[in-house]
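A.B. asks: Let me begin by handing over the structure; questions about it come next.
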Amino acid sequence: MAKIDMTAVSRRGFIASTLALGTAGLALRSHPALAQVSAEGGRLRARLYADISNLDPAFWTSGSDALVMECIFAYAMQFETGTAEFKAQPLALKSITVIDDTHIGFELHPGILYSGDYGEMTAEDAKFSWERIADPAVQSPYAADWAQLDHVEVTGRHTGTIVLKAPFAPLFTTTLPATSGIILPKAAIEAANGKFATEPPVTSGPYRIREWQPRTRLVLEKNPDFKLFDVEFDELILIPIEDPKTAELGFEAGDLDHAQTSISSIPRFAAGAPKGGRFDQFTALNYYWLGMNEANADLTDQKVRRAIQHGIARDAVVEAAYLGAASPAAGIIAPGLPGHRAENTYNYDPDLARSLLAEAGVSGLTVTLSIQQTAEDLAAAQIIQALLADIGVTVQIDQYESGSFWSLGIEADGDQWKNLQLFLFSFTMQPDPSWATAWFTTEQVGIWNWQRFSNAEFDQLNRDAATELDVAKRDTMYIRMQELMEESGDFVFLTFEPVGTLSAAGVAPAMRPDGWPILSRFGRG
Amino acid sequence: MLGYLARRIVLAVAVILTVIAALFAMMRAIPGDPVRTALGPRASEAMVETYRIKMGLDQPVIVQIWRFFSTILQGDLGSDAISGVPVARIIMAQLPDTLYLVLGAMVVAVVPGVWLGVLSATKRGSLFDRVTSVLSVSVMAVPSFVIAIYLLLIFAIQLSWFPAIGAGEGLADRLHRLVLPSVALGLAWIGYIARILRASMLEVMGENHIRTARAFGLSERKIMYDYVLRIAILPTITVLGMGIGQMLSGAVFAEIVFGRPGIGKLVYDSIAARNYPIVTGTLLVTTGFFVLVNLIADLLIAFLDPRVRNVVSR
């Protein structure tokens with residue numbers, strides 16, 4: 001049984017672990033330039049796309065929550081920034097030791113202090129925090145992040161062992177480096193009656209909350225007790241701005257130092273960022289596709305669905321929706337992740353589409369395409385409408401506001417799912433392929449699997465791939481799952497959404513490969 | 001007068017109850033699950049059910065309405081089921097910014113609107129009157145969000161005279177950030193007020209008591225401001241009372257475009273998220289405010305116009 005210390009734990013790195021690497025130096029090493037600028041202090045004003053709603057690691061609800069949690073809690077691990085691939089580094093953890101497939105040893109940095117009177121972060125806290133999320137009685141939506149957790153053994157003040165019921169690949173890719181890896185003291189949670197929302201009873205990260213004016217602004221100030229890395233800005237002023245166009249105008253007027261742009265503005269800013277700032281473009285993990293409800297009477301014949309697949313020129317749809325800022329996708333797993341699929345099987349072939357419809361005995365077919373009220377959806381839908389008209393299928397576009405749209409395929413919300421036919425969908429995910437495929441199992445039919453795609457092989461692969469630690473095997477399994485999805489005729493994979501960000505002159509953004517900002521790591525540059 | 005006031009208050013309460021009950025039912029008639037929207041896709045069925053019960057959504061609508069009103073009578077607007085923050089606290093954090101915005105828009109609308117209306121009436125048929133007429137109609141036809149975007153592009157980005165987003169801190173910063181949204185929201189009302197006041201003044205100027213005042217040799221200025229305007233302003237007050245409601249609903253555009261906090265955006269976002277406690281709480285407050293403003297407008301008219309005062313006294 002080999003012991004493996006891990007410093008930079010990427011998916012590939014973890015699975016192929018053969019080296020033991022020291023960690024403390026990496027995590028604590030400070031950059032001289034950063035230290036110099038840090039002394040100058042300053043404020044960073046950034047956009048939140050929504051206000052915070054819940055900062056409890058067991059119950060957070062939005063990306064804005066996660067963005068802020070990354071500032072106020074010392075994560076067990078943290079994703080590197082400025083890299084092309086996702087790599088996670090230990091942060092609160094000093095080292096991680098893969099003892100075997102189901103036993104993961106860990107050691108915490110000594111001296112990580114909580115706010116208030118809660119003292120130092122210990123292995124007991126880690127046990128409490130991780131087992132809390134996994135506990136069915138807590139009813140955390142994130143229990144699946146610790147799906148295979150049996151228990152955590154505490155072996156010392158700062159050391160312990162994560163004991164799994166089965167190998168669990170996402171542990172190092174989306175559990176420990178994300179919110180579910182956050183460690184909180186038991187006393188603080190108990191003092192908050194078991195859970196909290198927007199007023200954390202304790203913090204441990206590079207920043208702490210100084211002021212929160214709901215829906216107006218959140219001011220974070222540097223935590224002087226935080227020593228795990230140098231923090232550049234004394235204050236983060238986070239302003240909830242839902243509309244990206246407003247954020248762009250705010251940036252151009254000098255009211256913001258960092259903001260995500262709208263998709264439609266990406267070509268404009270790519271040609272030149274305003275006011276000497278910088279523009280960066282990323283490919284998000286969000287995947288975008290056209291779904292078809294195979295249970296709908298007009299679409300039960302797979303030949304009809306296949307005809308629609310062949311009737312859609314994905315490149316034209318993506319070009320219209322994303323104005324040249326994105327490329328067609330062949331699956332739902334983004335580049336750089338295991339399972340990314342490079343080639344599509346059923347491509348644009350209008351002649352074949354027409355002959356398939358003829359074989360199915362279908363003529364004069366009219367279908368509805370349900371979309372949200374976004375410029376991207378509408379542009380994509382209009383191109384799809386024109387393309388399918390060319391093969392003899394009339395498309396009626398139905399636009400919905402988001403609240404109505406997200407209930408269209410959910411059985412518990414009524415019978416409207418029976419009338420659902422074509423729909424444009426976009427899901428967000430974390431950097432592990434299991435997050436992409438989880439929604440298309442038989443179990444999810446009528447919940448988030450609106451295609452009502454059901455395939456036993458897919459379901460089995462989905463279960464097996466989560467516990468498979470060999471990256472090459474996972475790669476093959478997830479590619480096969482996407483092949484099954486496409487073969488069903490229920491999916492037309494469109495793209496991975498582009499992300500554009502603006503940063504003011506003198507601000508060096510710290511971004512994950514998918515364009516997610518790690519605000520606490522922002523510097524001056 | 002007291003009887004009139006009592007009748008109006010009873011009517012105001014009835015209006016609020018009717019509006020809230022209707023909106024409460026309508027909110028639940030539109031598709032969209034507030035629990036799933038709030039909890040996200042990873043919430044288990046058990047958790048969805050727990051929150052459904054916690055939010056009282058497992059009960060019939062009539063029971064939900066009853067519970068809502070009975071908690072209101074206890075002075076409680078409830079809590080946001082997800083964040084746990086009391087709805088009253090959320091509303092009170094947003095309300096001042098919207099009221100400042102509406103007040104700013106009223107100033108933008110009333111001061112030039114009244115001035116233009118009076119001048120147009122006194123210079124009836126002149127070039128000034130004609131230009132004012134054309135400009136009034138033109139500005140009224142432009143949606144406030146279009147005005148907002150151009151104001152931002154010109155005065156915030158090109159000229160950098162004003163900040164683009166946010167409500168600001170401290171009095172000076174707040175006022176500075178209030179200018180563009182107030183102009184965007186109030187500009188179209190300048191034309192309305194000018195046109196209504198002009199027409200009303202011309203009507204009053206033709207009445208017998210004005211001719212009598214002139215016959216007594218009173219100055220034109222005194223006649224205009226003490227006799228004509230005092231009566232001619234009454235329809236404008238009525239319109240402004242109604243206009244407050246439109247400005248409250250129009251504030252959502254200004255709040256979104258200028259990235260300001262406020263009640264309009266709060267309602268908009270809460271409807272999209274099917275956040276029922278906030279939607280109903282906010283609508284209760286805004287409806288109450290709207291009814292209150294109209295009540296004040298009616299009382300003001302009764303106070304200013306002896307004819308109305310005499311009628312309500314009888």
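In the structure tokens, chains take letters A, B, ... by order of appearance, with residues numbered from 1 within each chain and ligands from 1 in the order shown.
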Need the shell around Gly105 in chain A: protein/DNA/RNA residues with any atom at most 6 Å away, counting only C-alpha atoms. Skip same-chain ones fewer than 2 positions apart. Format as JSON, numbers by chain?

C.D. replies: {"A": [96, 97, 160, 161]}

A.B. asks: Write to file, as a short mmCIF file (atom, residue, chain, number, x, y, z; two decimals), in the first residue's frame, the residues of the selection just made, with C-alpha atoms.

C.D. replies:
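File part-v2.cif, as written:
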data_model
loop_
_atom_site.label_atom_id
_atom_site.label_comp_id
_atom_site.auth_asym_id
_atom_site.auth_seq_id
_atom_site.Cartn_x
_atom_site.Cartn_y
_atom_site.Cartn_z
CA ILE A 96 -3.25 14.84 1.07
CA THR A 97 -2.15 11.23 1.13
CA GLY A 160 -7.17 12.49 9.76
CA THR A 161 -8.31 9.97 7.18
#

A.B. asks: Using only C-alpha atoms, what does the table of chain A residues within 6 Å of chain B look like, with each row giving the shortest atom pair and its distance in Å to one decimal, sorted by chain and ascending number, as JSON lines?

C.D. replies:
{"residue": "A:Ser53", "atom": "CA", "partner": "B:Ser83", "partner_atom": "CA", "distance": 5.1}
{"residue": "A:Asn54", "atom": "CA", "partner": "B:Ser83", "partner_atom": "CA", "distance": 5.5}
{"residue": "A:Gln139", "atom": "CA", "partner": "B:Met47", "partner_atom": "CA", "distance": 5.9}
{"residue": "A:Pro141", "atom": "CA", "partner": "B:Ala43", "partner_atom": "CA", "distance": 4.3}
{"residue": "A:Ala197", "atom": "CA", "partner": "B:Ser83", "partner_atom": "CA", "distance": 5.1}
{"residue": "A:Arg215", "atom": "CA", "partner": "B:Pro261", "partner_atom": "CA", "distance": 5.9}
{"residue": "A:Thr216", "atom": "CA", "partner": "B:Pro261", "partner_atom": "CA", "distance": 5.4}
{"residue": "A:Ile241", "atom": "CA", "partner": "B:Gly259", "partner_atom": "CA", "distance": 5.8}
{"residue": "A:Thr246", "atom": "CA", "partner": "B:Val257", "partner_atom": "CA", "distance": 5.5}
{"residue": "A:Gly250", "atom": "CA", "partner": "B:Ala164", "partner_atom": "CA", "distance": 5.2}
{"residue": "A:Ala253", "atom": "CA", "partner": "B:Ile157", "partner_atom": "CA", "distance": 4.7}
{"residue": "A:Gly403", "atom": "CA", "partner": "B:Gly32", "partner_atom": "CA", "distance": 5.0}
{"residue": "A:Ser404", "atom": "CA", "partner": "B:Gly32", "partner_atom": "CA", "distance": 4.7}
{"residue": "A:Ser407", "atom": "CA", "partner": "B:Gly32", "partner_atom": "CA", "distance": 5.1}

A.B. asks: I'd like the contact shell of Tyr288 in chain A - 9 Å cut-off, only C-alpha atoms, skipping same-chain residues fewer than 3 positions apart - returned as a tab-separated table (two decimals) with C-alpha atoms, in the first residue's frame.

C.D. replies:
chain	number	residue	atom	x	y	z
A	329	ALA	CA	-19.68	21.10	-29.56
A	332	ILE	CA	-21.73	18.01	-23.03
A	424	LEU	CA	-33.01	24.80	-25.97
A	425	PHE	CA	-31.23	24.09	-22.74
A	426	SER	CA	-28.09	25.21	-20.97
A	427	PHE	CA	-26.73	23.60	-17.82
A	493	PHE	CA	-25.17	19.20	-29.00
A	494	LEU	CA	-24.56	22.85	-29.76
A	495	THR	CA	-21.72	24.48	-27.83
A	496	PHE	CA	-19.98	25.38	-24.61
A	497	GLU	CA	-20.84	28.92	-23.72

A.B. asks: Near Pro177 in chain A, counting only C-alpha atoms, which residues have an atom at most 9 Å away, once you skip same-chain residues fewer than 5 positions from it, shown as a PyMOL selection string?

C.D. replies: chain A and resi 75-79+88-91+171-172+182
